[in-house]
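Here's start.txt, which has compact mmCIF, C-alpha atoms:
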```
# COMPACT_ATOMS: atom_id res chain seq x y z
CA MET P 9 79.41 56.08 179.53
CA GLY P 10 82.45 54.38 181.01
CA VAL P 11 82.93 50.67 181.61
CA PHE P 12 84.81 49.35 184.63
CA VAL P 13 86.07 45.80 184.05
CA LEU P 14 86.48 44.27 187.49
CA GLY P 15 87.86 41.01 188.81
CA MET P 16 90.83 39.27 190.34
CA HIS P 17 94.17 39.10 188.53
CA ARG P 18 94.31 36.17 186.07
CA SER P 19 90.52 35.91 186.06
CA GLY P 20 90.04 36.85 182.39
CA THR P 21 89.60 40.61 182.74
CA SER P 22 92.06 41.20 179.88
CA ALA P 23 90.04 39.09 177.44
CA VAL P 24 86.74 40.68 178.47
CA THR P 25 88.22 44.18 178.15
CA ARG P 26 89.35 43.46 174.60
CA VAL P 27 85.89 42.16 173.66
CA VAL P 28 84.27 45.30 175.08
CA ASN P 29 86.75 47.33 173.05
CA LEU P 30 86.01 45.36 169.86
CA LEU P 31 82.32 46.12 170.47
CA GLY P 32 83.13 49.78 170.04
CA VAL P 33 84.02 51.12 173.48
CA PRO P 34 87.29 53.12 173.22
CA ILE P 35 90.33 51.65 174.98
CA GLY P 36 92.08 55.03 175.21
CA ARG P 37 95.63 55.84 174.14
CA THR P 38 97.16 52.71 172.68
CA ASP P 39 100.71 54.01 173.14
CA SER P 40 100.32 53.81 176.91
CA LEU P 41 99.07 50.21 177.06
CA MET P 42 101.13 47.66 178.94
CA PRO P 43 103.27 45.70 176.47
CA VAL P 44 102.39 42.12 175.62
CA GLN P 45 104.25 39.57 177.76
CA ALA P 46 104.79 35.83 177.60
CA ASP P 47 102.24 35.17 180.35
CA ASN P 48 99.57 37.18 178.51
CA PRO P 49 100.31 37.04 174.75
CA ALA P 50 96.85 38.39 173.84
CA GLY P 51 97.60 41.63 175.70
CA PHE P 52 96.71 43.09 179.09
CA TRP P 53 94.66 46.03 177.73
CA GLU P 54 95.50 48.19 180.70
CA HIS P 55 97.41 51.46 180.83
CA VAL P 56 100.79 51.72 182.51
CA GLY P 57 100.22 55.22 183.86
CA LEU P 58 96.92 54.33 185.53
CA MET P 59 98.41 51.13 186.90
CA GLU P 60 101.21 53.19 188.47
CA VAL P 61 98.64 55.52 190.01
CA ASN P 62 96.81 52.56 191.53
CA ASP P 63 100.08 51.14 192.85
CA ALA P 64 100.87 54.49 194.46
CA ILE P 65 97.44 54.60 196.12
CA LEU P 66 97.79 51.06 197.45
CA THR P 67 101.25 51.90 198.78
CA ARG P 68 99.88 55.00 200.52
CA LEU P 69 97.22 52.81 202.13
CA GLY P 70 99.88 50.40 203.38
CA GLY P 71 99.60 47.60 200.84
CA SER P 72 100.09 46.49 197.26
CA TRP P 73 98.24 44.51 194.61
CA ASP P 74 99.49 41.22 196.08
CA ALA P 75 99.16 42.31 199.72
CA PRO P 76 95.95 44.38 199.82
CA PRO P 77 95.84 47.15 202.43
CA ALA P 78 93.78 46.80 205.54
CA HIS P 79 92.95 50.52 205.54
CA ASP P 80 89.76 52.11 204.25
CA THR P 81 90.13 53.13 200.59
CA THR P 82 88.11 56.30 201.28
CA ALA P 83 91.06 57.81 203.18
CA ASP P 84 92.28 61.27 202.17
CA LEU P 85 94.79 60.66 199.40
CA GLY P 86 95.73 64.29 198.82
CA GLU P 87 97.86 64.81 195.72
CA LEU P 88 97.21 61.26 194.50
CA ARG P 89 93.64 62.23 193.70
CA ALA P 90 94.85 65.06 191.45
CA ARG P 91 97.41 62.77 189.87
CA ALA P 92 94.75 60.13 189.16
CA GLN P 93 92.45 62.70 187.58
CA SER P 94 95.23 64.07 185.40
CA GLU P 95 96.40 60.63 184.29
CA PHE P 96 92.87 59.49 183.47
CA ALA P 97 92.24 62.61 181.37
CA ALA P 98 95.52 62.05 179.52
CA THR P 99 94.60 58.41 178.83
CA TYR P 100 91.02 58.82 177.64
CA ASP P 101 90.11 61.73 175.39
CA ALA P 102 86.38 60.93 175.24
CA LYS P 103 83.47 60.37 177.59
CA ARG P 104 83.24 56.73 176.51
CA TRP P 105 85.92 54.39 177.80
CA VAL P 106 86.70 50.91 179.09
CA PHE P 107 89.00 50.92 182.11
CA LYS P 108 90.66 47.70 183.23
CA ASP P 109 93.19 47.18 185.96
CA PRO P 110 92.54 44.46 188.55
CA ARG P 111 93.78 46.89 191.20
CA VAL P 112 90.60 48.90 190.63
CA SER P 113 88.76 45.99 192.24
CA LEU P 114 90.41 47.09 195.49
CA LEU P 115 89.97 50.82 194.82
CA LEU P 116 86.52 51.04 193.25
CA PRO P 117 85.10 53.51 195.83
CA PHE P 118 87.97 55.89 195.01
CA TRP P 119 87.43 55.70 191.24
CA ARG P 120 83.63 55.90 191.48
CA ASP P 121 83.96 59.06 193.53
CA LEU P 122 86.58 60.54 191.19
CA LEU P 123 84.77 59.79 187.91
CA GLY P 124 81.20 60.40 189.03
CA ASP P 125 77.98 58.67 188.05
CA GLY P 126 76.73 57.24 184.76
CA HIS P 127 79.16 54.35 184.41
CA VAL P 128 78.69 50.58 184.39
CA ALA P 129 80.64 47.54 185.54
CA VAL P 130 81.50 44.23 183.95
CA ILE P 131 82.48 41.79 186.69
CA VAL P 132 84.47 38.72 185.64
CA VAL P 133 84.18 35.51 187.67
CA ARG P 134 86.51 32.54 187.24
CA ASN P 135 87.11 29.37 189.20
CA PRO P 136 89.68 30.35 191.88
CA LEU P 137 91.65 27.15 191.32
CA ASP P 138 92.41 28.26 187.75
CA ILE P 139 93.52 31.62 189.11
CA ALA P 140 95.72 29.91 191.71
CA VAL P 141 97.40 27.76 189.05
CA SER P 142 98.12 30.86 186.96
CA LEU P 143 99.50 32.81 189.93
CA ALA P 144 101.69 29.89 190.94
CA ARG P 145 103.12 29.82 187.43
CA ARG P 146 103.66 33.58 187.19
CA GLN P 147 104.34 34.66 190.79
CA GLY P 148 105.25 31.47 192.60
CA PHE P 149 102.42 31.95 195.11
CA ALA P 150 101.32 29.06 197.29
CA ARG P 151 97.79 27.89 196.49
CA SER P 152 96.43 28.82 199.92
CA TYR P 153 97.68 32.38 199.50
CA SER P 154 96.31 32.74 195.95
CA LEU P 155 92.91 31.58 197.20
CA ALA P 156 93.03 34.11 200.04
CA LEU P 157 93.93 36.86 197.58
CA TRP P 158 91.09 35.84 195.24
CA GLU P 159 88.68 35.86 198.17
CA HIS P 160 89.69 39.37 199.22
CA TYR P 161 89.40 40.78 195.69
CA THR P 162 86.07 39.09 195.02
CA ARG P 163 84.51 40.26 198.28
CA ALA P 164 85.67 43.81 197.54
CA VAL P 165 84.11 43.79 194.05
CA LEU P 166 80.79 42.29 195.13
CA ARG P 167 80.59 44.82 197.96
CA ASP P 168 81.78 48.00 196.24
CA ALA P 169 80.00 47.61 192.87
CA SER P 170 76.69 47.99 194.67
CA GLY P 171 74.27 50.29 192.84
CA LEU P 172 76.06 50.22 189.48
CA PRO P 173 74.48 48.76 186.36
CA ALA P 174 76.52 45.58 186.07
CA LEU P 175 77.00 42.45 184.03
CA VAL P 176 78.55 39.49 185.84
CA VAL P 177 80.41 37.30 183.32
CA ASP P 178 81.40 33.66 183.80
CA TYR P 179 84.79 33.56 182.07
CA ASP P 180 84.58 29.86 181.28
CA ALA P 181 81.16 30.29 179.67
CA LEU P 182 82.48 33.17 177.55
CA VAL P 183 85.42 31.12 176.24
CA ASP P 184 83.31 27.98 175.79
CA ASP P 185 80.67 29.81 173.74
CA PRO P 186 82.07 33.11 172.37
CA PRO P 187 79.00 34.04 170.25
CA ARG P 188 76.64 33.75 173.20
CA GLY P 189 79.00 35.51 175.62
CA THR P 190 79.64 38.31 173.13
CA ALA P 191 75.90 38.71 172.55
CA LEU P 192 75.33 39.14 176.29
CA LEU P 193 78.02 41.80 176.45
CA ARG P 194 76.62 43.59 173.40
CA GLU P 195 73.09 43.58 174.81
CA PHE P 196 74.24 44.90 178.16
CA LEU P 197 76.34 47.68 176.64
CA ALA P 198 73.60 48.64 174.17
CA ALA P 199 71.12 48.96 177.03
CA HIS P 200 73.32 51.65 178.57
CA ASP P 201 75.02 53.15 175.52
CA GLU P 202 73.15 53.41 172.22
CA LEU P 203 76.43 54.08 170.37
CA VAL P 204 77.82 50.58 170.96
CA ALA P 205 78.92 48.98 167.68
CA PRO P 206 77.79 45.56 166.42
CA GLY P 207 81.40 44.44 166.56
CA ASP P 208 83.35 42.16 164.28
CA VAL P 209 81.96 38.79 165.35
CA ASP P 210 84.65 36.80 163.54
CA ALA P 211 87.44 38.90 165.07
CA ILE P 212 85.97 38.48 168.54
CA ASP P 213 85.51 34.73 168.13
CA ALA P 214 89.07 34.36 166.86
CA PHE P 215 90.42 36.40 169.76
CA LEU P 216 88.57 34.35 172.38
CA ALA P 217 89.64 31.09 170.75
CA ALA P 218 93.33 32.00 170.68
CA GLY P 219 94.48 29.83 173.58
CA LEU P 220 93.42 32.22 176.34
CA ARG P 221 92.76 29.47 178.88
CA HIS P 222 95.56 27.25 180.14
CA SER P 223 93.79 25.43 182.97
CA ARG P 224 90.22 24.39 183.69
CA HIS P 225 88.74 23.22 186.99
CA ASP P 226 85.08 22.48 187.56
CA ARG P 227 83.02 23.19 190.66
CA ALA P 228 83.63 19.69 191.99
CA ALA P 229 87.37 20.40 192.07
CA LEU P 230 86.71 23.04 194.75
CA ASP P 231 85.16 20.38 196.94
CA ARG P 232 88.05 17.97 196.45
CA ASP P 233 90.82 20.47 197.19
CA GLU P 234 91.45 20.61 200.94
CA ARG P 235 93.17 23.98 200.63
CA VAL P 236 89.88 25.63 199.61
CA THR P 237 87.93 26.80 202.66
CA SER P 238 84.19 26.38 203.03
CA GLU P 239 83.85 30.18 203.00
CA GLN P 240 85.67 30.38 199.66
CA ARG P 241 83.40 27.73 198.15
CA ALA P 242 80.38 29.67 199.36
CA LEU P 243 81.75 32.92 197.90
CA TYR P 244 82.37 31.33 194.51
CA ASP P 245 78.83 29.94 194.48
CA ALA P 246 77.44 33.37 195.43
CA ALA P 247 79.40 35.05 192.61
CA MET P 248 78.26 32.46 190.07
CA TRP P 249 74.65 32.85 191.19
CA LEU P 250 74.93 36.56 190.31
CA THR P 251 75.98 35.97 186.68
CA GLY P 252 73.89 37.97 184.25
CA ALA P 253 72.78 41.60 183.91
CA HIS P 254 71.74 43.83 186.83
CA GLN P 255 70.13 47.23 186.47
CA ARG P 256 71.37 48.11 189.97
CA PHE P 257 73.88 45.59 191.22
CA ASP P 258 73.41 44.16 194.69
CA GLY P 259 75.93 41.58 195.85
CA GLY P 260 73.62 40.65 198.70
CA THR P 261 74.81 39.32 202.03
CA LEU P 262 78.23 37.81 201.43
CA PRO P 263 79.40 34.63 203.15
CA PRO P 264 81.71 35.18 206.11
CA GLU P 265 85.39 35.63 205.34
CA SER P 266 87.72 32.68 205.81
CA PRO P 267 89.46 33.06 209.21
CA THR P 268 92.81 32.37 207.56
CA THR P 269 92.52 35.05 204.87
CA PRO P 270 93.23 38.20 206.95
CA VAL P 271 96.06 36.35 208.71
CA LEU P 272 97.71 35.40 205.41
CA LEU P 273 97.28 38.89 203.96
CA GLU P 274 98.72 40.53 207.07
CA ALA P 275 101.72 38.21 206.98
CA ARG P 276 102.28 39.13 203.34
CA ARG P 277 102.06 42.85 204.13
CA ASP P 278 104.58 42.44 206.96
CA ALA P 279 106.93 40.53 204.67
CA ARG P 280 106.68 43.20 201.99
CA SER P 281 107.31 45.93 204.58
CA ALA P 282 110.47 44.11 205.69
CA GLU P 283 111.56 43.81 202.07
CA LEU P 284 111.00 47.53 201.51
CA LEU P 285 112.96 48.42 204.64
CA ALA P 286 115.84 46.26 203.44
CA VAL P 287 115.72 47.93 200.02
CA ASP P 288 115.67 51.37 201.66
CA ALA P 289 118.73 50.43 203.74
CA LEU P 290 120.58 49.20 200.65
CA CYS P 291 119.65 52.37 198.79
CA GLY P 292 121.01 54.41 201.70
CA GLN P 293 124.29 52.49 201.61
CA LEU P 294 124.47 52.96 197.86
CA GLY P 295 123.90 56.69 198.29
CA GLU P 296 126.73 56.92 200.83
CA ALA P 297 129.05 54.97 198.54
CA GLU P 298 128.19 57.25 195.63
CA ALA P 299 128.86 60.31 197.80
CA GLN P 300 132.25 58.91 198.83
CA LEU P 301 133.06 58.11 195.23
CA THR P 302 132.12 61.63 194.20
CA GLN P 303 134.34 63.06 196.91
CA THR P 304 137.23 60.78 195.93
CA THR P 305 136.78 61.70 192.29
CA GLY P 306 136.90 65.35 193.29
CA ASP P 307 140.09 64.80 195.30
CA VAL P 308 141.73 63.01 192.37
CA ALA P 309 140.71 65.81 190.05
CA ALA P 310 142.18 68.38 192.45
CA MET P 311 145.46 66.44 192.68
CA ARG P 312 145.62 66.14 188.93
CA GLY P 313 145.09 69.87 188.68
CA THR P 314 147.96 70.49 191.12
CA VAL P 315 150.33 68.25 189.16
CA GLU P 316 149.37 69.97 185.93
CA ALA P 317 149.99 73.34 187.53
CA VAL P 318 153.47 72.28 188.76
CA GLU P 319 154.30 70.84 185.35
CA ALA P 320 153.22 74.04 183.72
CA ALA P 321 155.37 76.09 186.11
CA LEU P 322 158.54 73.97 185.91
CA GLY P 323 158.23 72.36 182.53
CA HIS P 324 158.33 68.62 181.80
CA ARG P 325 162.10 68.64 181.50
CA GLU P 326 162.52 70.14 184.98
CA ILE P 327 160.12 67.61 186.46
CA GLY P 328 162.17 64.78 184.97
CA ARG P 329 165.39 66.21 186.40
CA LEU P 330 163.88 66.43 189.87
CA GLU P 331 162.66 62.83 189.67
CA ARG P 332 166.14 61.60 188.64
CA THR P 333 167.75 63.52 191.51
CA ALA P 334 165.30 62.01 194.01
CA LEU P 335 165.90 58.50 192.72
CA GLY P 336 169.68 58.96 192.92
CA ALA P 337 169.45 60.18 196.51
CA ALA P 338 167.35 57.15 197.43
CA ARG P 339 169.93 54.76 195.91
CA ARG P 340 172.78 56.38 197.81
CA ALA P 341 170.81 56.14 201.04
CA ARG P 342 170.23 52.40 200.51
CA ARG P 343 173.97 51.80 199.85
CA LEU P 344 174.94 53.63 203.05
CA GLN P 345 172.41 51.58 205.02
CA GLN P 346 173.77 48.31 203.62
CA ARG P 347 177.38 49.36 204.47
CA PHE P 348 176.55 50.11 208.08
CA THR P 349 174.61 46.85 208.34
CA ARG P 350 177.63 44.75 207.24
CA ARG P 351 179.75 46.43 209.91
```

Would you mind writing the file's structure down as structure tokens?
Amino acid sequence: MGVFVLGMHRSGTSAVTRVVNLLGVPIGRTDSLMPVQADNPAGFWEHVGLMEVNDAILTRLGGSWDAPPAHDTTADLGELRARAQSEFAATYDAKRWVFKDPRVSLLLPFWRDLLGDGHVAVIVVRNPLDIAVSLARRQGFARSYSLALWEHYTRAVLRDASGLPALVVDYDALVDDPPRGTALLREFLAAHDELVAPGDVDAIDAFLAAGLRHSRHDRAALDRDERVTSEQRALYDAAMWLTGAHQRFDGGTLPPESPTTPVLLEARRDARSAELLAVDALCGQLGEAEAQLTQTTGDVAAMRGTVEAVEAALGHREIGRLERTALGAARRARRLQQRFTRR
């Protein structure tokens, strides 16, 4: 059994992944995990190689994690499929695994097709205002854009997890009451994998209590914030209504998408494309400069070789004599010129 941990960036997927791991589900090679950073001191619990694969897929589809592609993720990805399969096999050496990378929320159809059946999903839901605050702090995103990004990710998860055994977790409830949240995770995992461990309750409680949450907004805050659209409020309510275990997940009929969301995402994709074109141009200029430098270095080396050959043929003493003769001739020429000038 494998466990997909799904949800928007900064929604608490890292914390949930670590709890699943502490309950006995292997995290894979620890030497390939993303290093701890200041914005996530408890660890990301995701693998660099798989993250790079997902970035490559999103790029091929015309987007990125922060500017999701508009193209269908079922497109033919050619060699990227083989690369993903190889990287996954190198990361997890067993049939039991927990796989977390928020990018998978955008690429779930690809990974479900690649890894086959028999896996489950843990979907993490968090108030989008808390996510927006975190993204503003880390990425500098405007709140309206963070909300649009959250909406796109959440709609993708609720749509593409259809049919999987799934547990929808309210992140705030998990942090507020770790024993209860951990018990729900344990029960869900045990129902689909009899090898799940009891887990170290004290270690899990200590981990969840270690300052993982830096902002907290309630549902009423969504109503007060004018930057939150009515469609986003409805989507959050729909996601919260789905919290709990599902034998076969069905996200139901989702609320309509905010009219502004595709516009904002397209603008972000266009901006990123312009940035990439500028980078490509700069790289081209750098390449030309390096080529010129290489040629100049070669010319200098050739000249140095010629000088060394002449020195070897004439000897250093002869070279010095020739230089003194040339300098003397130049001085005599200047004196003659000055004499004719005075006349």

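A straight line drawn from atom CA of Thr21 of chain P to atom CA of Arg111 of chain P is 11.3 Å long.
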
Tell me, as a PDB file with C-alpha atoms, keeping the file's coordinate frame, which residues lie within 7 Å of Thr251 of chain P, counting only C-alpha atoms; anything in the same chain fewer than 5 positions away does not count.
```
ATOM      1  CA  VAL P 176      78.550  39.490 185.840  1.00  0.00           C
ATOM      2  CA  VAL P 177      80.410  37.300 183.320  1.00  0.00           C
ATOM      3  CA  ASP P 178      81.400  33.660 183.800  1.00  0.00           C
TER       4      ASP P 178
END
```

Show which residues sit within 8 Å of segment 211-213 of chain P, as a list in words. Count all atoms listed in the file, and ignore same-chain residues fewer than 5 positions away.
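Using all atoms listed in the file, the neighbours found are Val27, Leu30, Pro186, Pro187 and Thr190 of chain P.
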
Å distance separating atom CA of Met42 of chain P from atom CA of Asp168 of chain P, one decimal place
26.0 Å

Need to verify the contact set: Gly260 of chain P, 10 Å, all atoms listed in the file, exclusion of same-chain residues closer than 3 positions in sequence. Can you return it as number ranges by chain?
P: 166-167, 170, 246, 250, 257, 263

Counting all atoms listed in the file, which residue out of P:Val271, P:Ala75, P:Thr237, P:Ser19 sits closest to Phe149 of chain P?
P:Ala75

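With only C-alpha atoms as the atoms that count, the minimum distance from Ala214 of chain P to the choices P:Val112, P:Ala23, P:Asp180, P:Ser94 is reached by P:Ala23.
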
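With all atoms listed in the file taken into account, the protein and nucleic acid residues at most 9 Å from Gly36 of chain P (excluding it and anything under 2 positions from it in its own chain) are Pro34, Thr38, Asp39, Ser40, Leu41, His55, Ala98, Thr99, Tyr100, Asp101, Ala102, Trp105, Val106 and Phe107 of chain P.
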
Would you please work out which residue, of P:Asp245, P:Asp74, P:Asp233, P:Asp201, is nearest to Arg104 of chain P when using all atoms listed in the file?
P:Asp201

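Among the candidates P:Arg151, P:Arg280, P:Arg146, P:Arg37, the residue lying nearest to Ala97 of chain P is P:Arg37 (atoms considered: all atoms listed in the file).
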
Extract, using only C-alpha atoms, all DNA, RNA and protein residues at most 10 Å from Ala144 of chain P, discarding same-chain residues fewer than 6 positions from it, and format them as an mmCIF file with C-alpha atoms, in the coordinates of the input.
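After the write, out-v2.cif holds the following:
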```cif
data_model
loop_
_atom_site.group_PDB
_atom_site.id
_atom_site.type_symbol
_atom_site.label_atom_id
_atom_site.label_comp_id
_atom_site.auth_asym_id
_atom_site.auth_seq_id
_atom_site.Cartn_x
_atom_site.Cartn_y
_atom_site.Cartn_z
ATOM 1 C CA ASP P 138 92.410 28.260 187.750
ATOM 2 C CA ALA P 150 101.320 29.060 197.290
ATOM 3 C CA ARG P 151 97.790 27.890 196.490
ATOM 4 C CA TYR P 153 97.680 32.380 199.500
ATOM 5 C CA SER P 154 96.310 32.740 195.950
#
```

Would you compute the distance between atom CA of Arg26 of chain P and atom CA of Gln147 of chain P? Give it in Å to one decimal.
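These atoms are spaced 23.8 Å apart.
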
With only C-alpha atoms as the basis for distance, which of P:Val236, P:Arg277, P:Arg145, P:Phe12 is at the shortest distance from Leu66 of chain P?
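For Leu66 of chain P, the nearest of the given residues is P:Arg277.
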
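Closest approach to Ala199 of chain P among P:Leu122, P:Val183, P:Val128, P:Leu157: P:Val128, based on all atoms listed in the file.
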